[in-house]
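Heads up, the thing below is written out as structure tokens.
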Amino acid sequence: MVNYHEVSVTRRALQVACAFFWCLLAAGPIFGFAALKTVWIHEGVYADLCSAEDNAQGFICSSREIHLNFIFTCAAVVTNIAGVVVGIILDRFGPQICGYAGGALIFAGALMLAFADTISLLDLYVWGYITLAFGGPFVFISSFQLSNAFPAYSGLILALLTGAFDSSTAVYLVYRLIYNESGGKFHPKAFFLLYLIIPVSIIVASWLLMPKESYKPMTNIGKFLEEEEEDLDEDYQLDANSIDGVAIDARTAGGVADPKTVTSSPSPSAELAAEHIHSIHNGAASSISTSDDDEDDEVRLVDENAALLSKTDRRNISPGQYEYDSEEMQKLKISGVWGALHGRSALAQIKTPWFTILCLFTMIQMLRLNYFVATVRSQYDFIFQSPEIAQRINEVFDVALPVGGVITVPIAGYILDNKSMATSIALLLVMGTTMGILGNFPSYIAAYGNIGIFVIYRSFFYTTVSDYVAKVFGFDTFGKIYGFISTVSGLFNFGQSGLDHLTHRVLHRDPRPGNIGLVTVSTAVGAWFVWYVAKQARRIKRSALEFEAEQATALRMPGYASSFMSSIEY
């Protein structure tokens, strides 16, 4: 991994800017399906599945609705399944290769959609959309590591990237608006051929600008400790029989004095002193003191970081394991869960409730979100019993979805950087439950309120999940953990097709029973999630206090050094 200090601020800023723009244009446009679906319906895609009478009246029959929604269902599943593939490639080959792969897949998908109406050998609407969906995660997930380019603003950068991902739905919205203004002359073929510029620019930017390896934030605190320990061992050869050449400077309360000025003969007291001195500069409980109080504070953070682990884990910590400076560490500690599973293997992390509950929560929320995106028009068509009202609500939703992503960026960044993780998840729980209730009433206030909460919730949800994975599991296994969650959630999204059949075939197009069932399960799992994270945050805090108490003997008070040396002399 690359230390962010080794790369200029300008280059890092350009990398973040490039990632933001390509996430805005290519990471998740498939989730703007509602807007593109309107164009495809106007173009007569799958019109042969309905009767001539239905087509003449402009009625979208159930078979055509289900088939169009199936395109989005497959794309949503592939987007999430791609996460594990991207995670493996990102961890093994780095973000630059991911950029190449993403650009190539997006290019191929756009090309297929451009000629989908002229090639009948394969259903290129399905395959093209799936290929686009497969390419998106390569450019999106591989950009997460750029939050390490500016560690103090990691939450804000993640929010920017996630907001760009959410706002990428505007790509098809803008196209639909241009299509309508042109009277249908700006054909989908022309649009997707023009869109090829985006994947080409991604490949070029990956080659010229993006890092070959992921960023890792560090200030070399751990390395500083290790190097100091090596230097002390080499220069002064501390052991149980002699402390010749080593003295503790009373003025600096623990600094190493000139070895020529101090001599001592072996004695029991000397043996005890040697062990004590060695314990001070060796391991996670050590503190290499200087006359600068700020350095003492940063070194002490190594001990505090270790306290975030369980008692068993922190016995085996090494000085180089925690390398965040005081400013960065303060922000990370606000979450209450940072470092909970850092340093463990991905398999060990997956076996914990930290992962299990997050995965369940993500599965339910992604099914709710994607189902609403695909069916917003048909749902409100039934609820209001008016295709015209449903179309107007759909048009508002098309605009609100990307705008909501932009609005949520600073809000999500502030919350994740300044509030605890339990607070963030609790906020998601309240918003998700309110959204699920409002979506069942034939009221303009309820409908637009539901959409307003939805577009903010969606962006905040994805940002919180990525932030949770980074803080709890760490970036060493980020790709594998995030990818595995995406894969499991993606497979679960096939349930969207089942909900479609249930709604259209069994419930006679009534979406409310399905929505009520989803919000009930979502609220139950969300409440469990909040309870568990809050409980573990309290445990971590208590563990930190216990660790500080255990290491209290290693703290040096003014006058300690002189009295300590006096005890050796006498």
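In the structure tokens, each chain is lettered A, B, ... as it comes, each chain's residues begin at 1, and ligands are numbered from 1 in order of appearance.
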| field | Selection: 9 Å around Ala534 of chain A, only C-alpha atoms, excl. self and same-chain fewer than 2 positions, as an NGL selection string | value | :A and (336-337 or 420-423 or 529-532 or 536-539)
| message | Please extract the residues of segment 473-559 of chain A with a backbone DSSP assignment of helix (DSSP H, G or I) and present them as JSON, numbers by chain. | response | {"A": [473, 478, 479, 480, 481, 482, 483, 484, 485, 486, 487, 488, 489, 490, 491, 492, 495, 496, 497, 498, 499, 500, 501, 502, 503, 504, 505, 506, 512, 513, 514, 515, 516, 517, 518, 519, 520, 521, 522, 523, 524, 525, 526, 527, 528, 529, 530, 531, 532, 533, 534, 535, 536, 537, 538, 539, 540, 541, 542, 543, 544, 545, 546, 547, 548, 549, 550, 552, 553, 554]}
| message | Can you tell me which residues surround Leu146 of chain A at a distance of at most 7 Å, considering only C-alpha atoms, apart from same-chain residues fewer than 2 positions away, and format the answer as a list of chain:residue names? | response |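 My reading of the contact set: A:Val16, A:Ser143, A:Phe144, A:Asn148, A:Ala149, A:Tyr215.
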| task | Please measure the separation of atom CA of Tyr195 of chain A and atom CA of Pro402 of chain A, giving the value in Å to one decimal. | result | 18.3 Å
| field | Contacts of Tyr125 of chain A within 9 Å, only C-alpha atoms, excl. fewer than 5 positions in-chain, as a PyMOL selection string | value | chain A and resi 45+71+112-113+116-117+130
| query | So how far away is atom CA of Ser63 of chain A from atom CA of Leu177 of chain A, in Å? | reply | 26.7 Å
| message | Ranking A:Val85, A:Ile425, A:Cys18, A:Leu367 by minimum distance to Ile203 of chain A and counting only C-alpha atoms, which one comes first? | response | A:Cys18
| message | So, with only C-alpha atoms as the atoms that count, which of A:Phe441, A:Leu358, A:Gly479, A:Glu65 lies closest to Phe138 of chain A? | response |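 Among the listed residues, the smallest separation from Phe138 of chain A belongs to A:Gly479.
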| task | Measuring atom to atom with only C-alpha atoms, identify which of A:Phe21, A:Gly413, A:Asp91, A:His501 is nearest to Ile198 of chain A. | result | A:Phe21
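Comparing A:Trp22, A:Trp127, A:Phe461, A:Phe397 by their smallest distance to Gly109 of chain A, the closest is A:Trp127 (using only C-alpha atoms).
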| said: Can you pull out the residues contacting Leu196 of chain A? Cut-off 7 Å, using only C-alpha atoms, and skip same-chain residues under 4 positions away; I want them as an MDAnalysis selection string. | reply: chainID A and resid 107 110 192 200
Just to be explicit: take each residue in the selection above, keep all heavy atoms, and write the result as a PDB file, in the first residue's frame.
ATOM      1  N   PHE A 107     -17.722   0.111 -21.615  1.00  0.00           N
ATOM      2  CA  PHE A 107     -17.663   0.324 -23.065  1.00  0.00           C
ATOM      3  C   PHE A 107     -18.457  -0.758 -23.788  1.00  0.00           C
ATOM      4  O   PHE A 107     -19.269  -0.468 -24.679  1.00  0.00           O
ATOM      5  CB  PHE A 107     -16.197   0.311 -23.530  1.00  0.00           C
ATOM      6  CG  PHE A 107     -16.002   0.657 -24.984  1.00  0.00           C
ATOM      7  CD1 PHE A 107     -15.728   1.959 -25.364  1.00  0.00           C
ATOM      8  CD2 PHE A 107     -16.095  -0.316 -25.967  1.00  0.00           C
ATOM      9  CE1 PHE A 107     -15.547   2.294 -26.702  1.00  0.00           C
ATOM     10  CE2 PHE A 107     -15.924  -0.006 -27.301  1.00  0.00           C
ATOM     11  CZ  PHE A 107     -15.647   1.308 -27.678  1.00  0.00           C
ATOM     12  N   ALA A 110     -22.355  -0.392 -23.124  1.00  0.00           N
ATOM     13  CA  ALA A 110     -22.953   0.711 -23.872  1.00  0.00           C
ATOM     14  C   ALA A 110     -23.067   0.375 -25.357  1.00  0.00           C
ATOM     15  O   ALA A 110     -24.062   0.723 -26.017  1.00  0.00           O
ATOM     16  CB  ALA A 110     -22.131   1.984 -23.676  1.00  0.00           C
ATOM     17  N   PHE A 192     -26.181   6.057 -26.518  1.00  0.00           N
ATOM     18  CA  PHE A 192     -25.196   5.095 -26.012  1.00  0.00           C
ATOM     19  C   PHE A 192     -23.881   5.133 -26.794  1.00  0.00           C
ATOM     20  O   PHE A 192     -22.816   4.828 -26.243  1.00  0.00           O
ATOM     21  CB  PHE A 192     -25.789   3.684 -25.986  1.00  0.00           C
ATOM     22  CG  PHE A 192     -26.734   3.458 -24.833  1.00  0.00           C
ATOM     23  CD1 PHE A 192     -28.095   3.344 -25.049  1.00  0.00           C
ATOM     24  CD2 PHE A 192     -26.255   3.390 -23.535  1.00  0.00           C
ATOM     25  CE1 PHE A 192     -28.966   3.142 -23.979  1.00  0.00           C
ATOM     26  CE2 PHE A 192     -27.110   3.202 -22.455  1.00  0.00           C
ATOM     27  CZ  PHE A 192     -28.476   3.074 -22.681  1.00  0.00           C
ATOM     28  N   VAL A 200     -13.876   5.378 -22.133  1.00  0.00           N
ATOM     29  CA  VAL A 200     -12.549   5.652 -22.699  1.00  0.00           C
ATOM     30  C   VAL A 200     -11.771   6.591 -21.788  1.00  0.00           C
ATOM     31  O   VAL A 200     -10.578   6.385 -21.517  1.00  0.00           O
ATOM     32  CB  VAL A 200     -12.681   6.251 -24.117  1.00  0.00           C
ATOM     33  CG1 VAL A 200     -11.326   6.750 -24.606  1.00  0.00           C
ATOM     34  CG2 VAL A 200     -13.242   5.221 -25.086  1.00  0.00           C
TER      35      VAL A 200
END
| query | Between atom CA of Ile407 of chain A and atom CA of Ala82 of chain A, what is the spacing in Å? | reply |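 About the pair atom CA of Ala82 of chain A and atom CA of Ile407 of chain A: they are 27.5 Å apart.
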| said: Residues near Leu111 of chain A, anyone? I mean within 12 Å using only C-alpha atoms, not counting same-chain ones fewer than 3 positions away, as a list in words. | reply: Ala104, Leu105, Ile106, Phe107, Ala108, Ala114, Phe115, Ala116, Asp117, Ile119, Leu124, Tyr125, Trp127, Gly128, Tyr129, Thr131, Leu132, Pro188, Lys189, Ala190, Phe191, Phe192, Leu193, Leu194, Tyr195, Leu196, Ile197 and Pro199 of chain A
| Restricting the calculation to only C-alpha atoms, which member of A:Tyr414, A:Val469, A:Ala35, A:Thr375 is positioned closest to Val396 of chain A? |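 Of the candidates, the smallest distance to Val396 of chain A is held by A:Ala35.
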| Skipping near chain neighbours, those fewer than 5 positions away, what residues fall within 12 Å of Thr433 of chain A using only C-alpha atoms, listed as an MDAnalysis selection string? | chainID A and resid 365 368 426:428 438:439 450 453:454 457 515:527
Preceding selection exported with N, CA and C atoms as a CSV table (one decimal), in the first residue's frame:
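In the end it all went to out27.csv:
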chain,number,residue,atom,x,y,z
A,365,GLN,N,-32.4,-3.9,3.2
A,365,GLN,CA,-32.5,-2.5,2.7
A,365,GLN,C,-32.3,-2.4,1.2
A,368,ARG,N,-35.5,-3.5,-0.6
A,368,ARG,CA,-36.5,-2.4,-0.5
A,368,ARG,C,-36.2,-1.3,-1.5
A,426,ALA,N,-29.1,4.3,13.9
A,426,ALA,CA,-30.4,4.6,14.5
A,426,ALA,C,-31.1,5.6,13.6
A,427,LEU,N,-30.4,6.6,13.0
A,427,LEU,CA,-31.0,7.5,12.1
A,427,LEU,C,-31.5,6.8,10.9
A,428,LEU,N,-30.8,5.8,10.4
A,428,LEU,CA,-31.2,5.0,9.2
A,428,LEU,C,-32.5,4.2,9.6
A,438,LEU,N,-45.1,5.8,5.0
A,438,LEU,CA,-45.7,6.8,4.1
A,438,LEU,C,-46.0,6.3,2.7
A,439,GLY,N,-45.3,5.2,2.3
A,439,GLY,CA,-45.5,4.7,0.9
A,439,GLY,C,-46.7,4.0,0.6
A,450,ASN,N,-42.5,10.4,1.1
A,450,ASN,CA,-41.8,9.2,0.9
A,450,ASN,C,-40.6,9.3,0.0
A,453,ILE,N,-37.7,11.3,1.6
A,453,ILE,CA,-36.9,10.5,2.5
A,453,ILE,C,-36.1,9.5,1.8
A,454,PHE,N,-36.7,8.9,0.8
A,454,PHE,CA,-36.1,7.8,0.0
A,454,PHE,C,-34.7,8.2,-0.6
A,457,TYR,N,-32.2,8.8,2.1
A,457,TYR,CA,-31.9,7.6,2.8
A,457,TYR,C,-31.0,6.7,2.0
A,515,ASN,N,-44.9,-4.2,0.7
A,515,ASN,CA,-44.2,-3.1,1.3
A,515,ASN,C,-44.3,-3.2,2.9
A,516,ILE,N,-45.5,-3.5,3.4
A,516,ILE,CA,-45.6,-3.7,4.8
A,516,ILE,C,-44.8,-4.8,5.4
A,517,GLY,N,-44.7,-5.9,4.6
A,517,GLY,CA,-43.9,-7.0,5.1
A,517,GLY,C,-42.4,-6.6,5.1
A,518,LEU,N,-42.0,-5.9,4.1
A,518,LEU,CA,-40.6,-5.5,4.0
A,518,LEU,C,-40.2,-4.5,5.2
A,519,VAL,N,-41.1,-3.5,5.4
A,519,VAL,CA,-40.8,-2.5,6.5
A,519,VAL,C,-40.8,-3.2,7.8
A,520,THR,N,-41.6,-4.2,8.0
A,520,THR,CA,-41.7,-4.9,9.3
A,520,THR,C,-40.4,-5.6,9.6
A,521,VAL,N,-39.9,-6.4,8.6
A,521,VAL,CA,-38.6,-7.1,8.8
A,521,VAL,C,-37.5,-6.1,8.9
A,522,SER,N,-37.5,-5.1,8.1
A,522,SER,CA,-36.4,-4.1,8.1
A,522,SER,C,-36.3,-3.4,9.5
A,523,THR,N,-37.5,-3.1,10.1
A,523,THR,CA,-37.4,-2.4,11.4
A,523,THR,C,-36.9,-3.3,12.5
A,524,ALA,N,-37.3,-4.6,12.4
A,524,ALA,CA,-36.8,-5.5,13.4
A,524,ALA,C,-35.3,-5.7,13.4
A,525,VAL,N,-34.8,-5.9,12.1
A,525,VAL,CA,-33.4,-6.1,12.0
A,525,VAL,C,-32.6,-4.9,12.3
A,526,GLY,N,-33.2,-3.7,11.9
A,526,GLY,CA,-32.5,-2.4,12.2
A,526,GLY,C,-32.4,-2.2,13.7
A,527,ALA,N,-33.5,-2.5,14.4
A,527,ALA,CA,-33.4,-2.3,15.9
A,527,ALA,C,-32.4,-3.2,16.5
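Nearest to Asp476 of chain A of all the residues A:Val39, A:Leu158, A:Val77, A:Ala346 is A:Ala346, based on only C-alpha atoms.
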